[in-house]
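Asker: File run25.cif follows (mmCIF, C-alpha atoms):
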```cif
data_data
#
loop_
_atom_site.group_PDB
_atom_site.id
_atom_site.type_symbol
_atom_site.label_atom_id
_atom_site.label_comp_id
_atom_site.auth_asym_id
_atom_site.auth_seq_id
_atom_site.Cartn_x
_atom_site.Cartn_y
_atom_site.Cartn_z
ATOM 1 C CA GLN A 30 -1.924 24.600 1.490
ATOM 2 C CA VAL A 31 0.646 22.595 3.387
ATOM 3 C CA GLN A 32 4.247 22.402 2.242
ATOM 4 C CA LEU A 33 6.505 19.478 3.096
ATOM 5 C CA VAL A 34 10.254 19.261 2.567
ATOM 6 C CA GLU A 35 12.227 16.051 3.094
ATOM 7 C CA SER A 36 15.910 15.918 3.958
ATOM 8 C CA GLY A 37 18.478 13.418 5.154
ATOM 9 C CA GLY A 38 18.604 11.013 2.248
ATOM 10 C CA GLY A 39 21.830 9.783 0.736
ATOM 11 C CA LEU A 40 24.066 6.769 0.455
ATOM 12 C CA ALA A 41 24.395 4.191 3.208
ATOM 13 C CA GLN A 42 26.087 0.826 3.430
ATOM 14 C CA PRO A 43 24.097 -2.327 4.162
ATOM 15 C CA GLY A 44 23.601 -2.558 7.889
ATOM 16 C CA GLY A 45 23.987 1.182 8.273
ATOM 17 C CA SER A 46 21.554 3.876 9.357
ATOM 18 C CA LEU A 47 20.012 7.028 7.980
ATOM 19 C CA ARG A 48 17.636 9.552 9.468
ATOM 20 C CA LEU A 49 15.091 11.281 7.257
ATOM 21 C CA SER A 50 13.364 14.488 8.307
ATOM 22 C CA CYS A 51 10.218 16.120 6.991
ATOM 23 C CA THR A 52 9.512 19.735 7.829
ATOM 24 C CA THR A 53 5.974 21.008 7.349
ATOM 25 C CA SER A 54 4.780 24.574 6.939
ATOM 26 C CA GLY A 55 1.739 26.452 5.731
ATOM 27 C CA ARG A 56 -1.839 26.563 6.845
ATOM 28 C CA ARG A 57 -2.903 24.481 9.777
ATOM 29 C CA PHE A 58 -5.495 21.799 9.137
ATOM 30 C CA ASN A 59 -6.863 18.984 11.240
ATOM 31 C CA VAL A 60 -4.196 16.366 10.582
ATOM 32 C CA ASN A 61 -5.308 12.763 10.911
ATOM 33 C CA ALA A 62 -2.042 11.048 10.043
ATOM 34 C CA MET A 63 1.510 11.665 8.909
ATOM 35 C CA GLY A 64 3.830 9.192 7.336
ATOM 36 C CA TRP A 65 6.321 8.029 4.772
ATOM 37 C CA ASP A 66 5.948 6.140 1.511
ATOM 38 C CA ARG A 67 8.688 5.009 -0.840
ATOM 39 C CA GLN A 68 9.072 4.117 -4.474
ATOM 40 C CA ALA A 69 11.855 1.939 -5.777
ATOM 41 C CA PRO A 70 12.870 1.970 -9.448
ATOM 42 C CA GLY A 71 10.362 0.058 -11.537
ATOM 43 C CA LYS A 72 8.056 -0.580 -8.588
ATOM 44 C CA GLU A 73 4.812 0.810 -7.227
ATOM 45 C CA ARG A 74 4.870 3.342 -4.418
ATOM 46 C CA GLU A 75 4.384 1.571 -1.099
ATOM 47 C CA PRO A 76 3.616 2.718 2.434
ATOM 48 C CA VAL A 77 6.501 2.509 4.874
ATOM 49 C CA ALA A 78 5.364 4.020 8.172
ATOM 50 C CA THR A 79 2.368 5.963 9.459
ATOM 51 C CA ALA A 80 1.769 7.912 12.671
ATOM 52 C CA PHE A 81 -1.871 8.412 13.693
ATOM 53 C CA ILE A 82 -2.348 11.713 15.458
ATOM 54 C CA ALA A 83 -5.507 11.039 17.486
ATOM 55 C CA THR A 84 -4.372 7.731 18.977
ATOM 56 C CA GLY A 85 -0.615 8.187 18.902
ATOM 57 C CA GLY A 86 -0.384 4.808 17.242
ATOM 58 C CA THR A 87 1.981 3.812 14.466
ATOM 59 C CA ARG A 88 1.921 1.315 11.658
ATOM 60 C CA TYR A 89 4.841 -0.121 9.696
ATOM 61 C CA ALA A 90 5.234 -2.171 6.572
ATOM 62 C CA ASP A 91 6.312 -5.715 7.399
ATOM 63 C CA SER A 92 9.513 -5.164 5.433
ATOM 64 C CA VAL A 93 10.688 -2.382 7.767
ATOM 65 C CA LYS A 94 9.155 -3.436 11.068
ATOM 66 C CA ASP A 95 11.682 -3.499 13.919
ATOM 67 C CA ARG A 96 14.169 -1.551 11.781
ATOM 68 C CA PHE A 97 12.479 1.803 11.114
ATOM 69 C CA ILE A 98 11.003 4.217 13.652
ATOM 70 C CA ILE A 99 8.649 7.080 12.835
ATOM 71 C CA SER A 100 8.301 10.023 15.184
ATOM 72 C CA ARG A 101 6.961 13.555 15.141
ATOM 73 C CA ASP A 102 7.640 16.743 17.036
ATOM 74 C CA GLY A 103 4.539 18.911 17.276
ATOM 75 C CA ALA A 104 6.527 21.879 18.556
ATOM 76 C CA THR A 105 8.740 22.055 15.459
ATOM 77 C CA ASN A 106 6.276 20.521 12.991
ATOM 78 C CA THR A 107 8.920 17.995 12.037
ATOM 79 C CA MET A 108 8.544 14.317 11.361
ATOM 80 C CA THR A 109 11.460 11.894 11.246
ATOM 81 C CA LEU A 110 12.071 8.375 10.006
ATOM 82 C CA GLU A 111 14.939 6.626 11.727
ATOM 83 C CA MET A 112 16.146 3.820 9.451
ATOM 84 C CA ASN A 113 18.428 1.157 10.893
ATOM 85 C CA SER A 114 19.895 -2.106 9.632
ATOM 86 C CA LEU A 115 19.453 -0.846 6.103
ATOM 87 C CA LYS A 116 19.241 -3.322 3.241
ATOM 88 C CA PRO A 117 19.825 -2.838 -0.486
ATOM 89 C CA GLU A 118 16.091 -3.382 -1.008
ATOM 90 C CA ASP A 119 15.439 -0.218 1.023
ATOM 91 C CA THR A 120 16.830 1.781 -1.902
ATOM 92 C CA ALA A 121 14.055 4.095 -3.066
ATOM 93 C CA VAL A 122 12.813 7.659 -3.147
ATOM 94 C CA TYR A 123 11.141 8.362 0.178
ATOM 95 C CA TYR A 124 8.174 10.732 0.365
ATOM 96 C CA CYS A 125 6.626 12.197 3.479
ATOM 97 C CA TYR A 126 2.946 13.086 3.606
ATOM 98 C CA VAL A 127 0.306 14.681 5.776
ATOM 99 C CA ALA A 128 -3.278 13.439 5.617
ATOM 100 C CA THR A 129 -6.181 15.637 6.652
ATOM 101 C CA SER A 130 -9.886 14.854 6.534
ATOM 102 C CA GLY A 131 -10.063 16.204 2.992
ATOM 103 C CA SER A 132 -6.628 16.014 1.380
ATOM 104 C CA VAL A 133 -3.208 14.431 1.365
ATOM 105 C CA TYR A 134 -0.127 16.615 0.932
ATOM 106 C CA TRP A 135 3.198 15.220 -0.283
ATOM 107 C CA GLY A 136 6.799 16.277 -0.262
ATOM 108 C CA ARG A 137 8.956 15.972 -3.373
ATOM 109 C CA GLY A 138 10.947 13.051 -2.047
ATOM 110 C CA THR A 139 14.501 12.275 -1.023
ATOM 111 C CA GLN A 140 16.677 9.535 -2.490
ATOM 112 C CA VAL A 141 17.975 6.762 -0.260
ATOM 113 C CA THR A 142 20.547 4.380 -1.723
ATOM 114 C CA VAL A 143 21.835 1.383 0.186
ATOM 115 C CA SER A 144 24.892 -0.101 -1.442
ATOM 116 C CA SER A 145 28.370 -1.297 -0.601
#
```
Show me the file's structure as structure tokens.
Answerer:
Amino acid sequence: QVQLVESGGGLAQPGGSLRLSCTTSGRRFNVNAMGWDRQAPGKEREPVATAFIATGGTRYADSVKDRFIISRDGATNTMTLEMNSLKPEDTAVYYCYVATSGSVYWGRGTQVTVSS
């Protein structure tokens, strides 16, 4: 099993920034990708950002491109999501995940609220 714990959520003003962290622990598997999804009230969960381990590439939702940055630290098994120029529509519960060849593991989520 792999355990994931998110932190860093909270309240931010429009135009502000937040940094989310995801710490992983547990058994080591061959990880193909790590990333973040989010779910806003009354909406479907949507992908936000993905980091592909083999290629080092990243992928972002169009709605967050040029504002959010995903990164990972292999030494500390931590993944971060730097969120800048936040908008009210970024309000959601953010979930980090790890995808292996056989399974996807999720954290429990952290609330991000963007409001003045």
Asker: With only C-alpha atoms as the atoms that count, which of A:Leu47, A:Val143, A:Ala78, A:Val127 lies nearest to Leu33 of chain A?
Answerer: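 The shortest atom-to-atom distance to Leu33 of chain A comes from A:Val127.
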Asker: May I have the residues within 7 Å of Phe81 of chain A as a VMD selection string, using all atoms listed in the file and disregarding those fewer than 3 positions away in the same chain?
Answerer: chain A and resid 61 to 63 84 to 87
Asker: Check the smallest atom-to-atom distance from each of A:Val77, A:Leu115, A:Ile82, A:Val133 to Gln42 of chain A using only C-alpha atoms, then report the winner.
Answerer: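 Answer, going by the shortest atom-to-atom distance: A:Leu115.
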Asker: When you draw a straight line from atom CA of Ser46 of chain A to atom CA of Met112 of chain A, how long is it in Å?
Answerer: 5.4 Å
Asker: Between atom CA of Asp66 of chain A and atom CA of Thr142 of chain A, measure the distance and give it in Å to one decimal.
Answerer: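 Straight-line distance from atom CA of Asp66 of chain A to atom CA of Thr142 of chain A works out to 15.1 Å.
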Asker: As JSON, what would the box around segment 69-82 of chain A look like: edges along x, y and z, 3 Å added on every side, centre and edge lengths in Å to one decimal?
Answerer:
```
{"center_x": 5.3, "center_y": 5.6, "center_z": 2.0, "size_x": 21.2, "size_y": 18.3, "size_z": 33.0}
```
Asker: Quick one: pull the distance between atom CA of Ala121 of chain A and atom CA of Thr107 of chain A, Å, one decimal.
Answerer: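 Atom-to-atom, atom CA of Ala121 of chain A to atom CA of Thr107 of chain A, that is 21.2 Å.
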Asker: Write out as a PyMOL selection string each polymer residue whose atoms come within 12 Å of Val93 of chain A, counting all atoms listed in the file; drop sequence neighbours fewer than 6 positions from it.
Answerer: chain A and resi 65-67+75-79+99+110-116+118-119
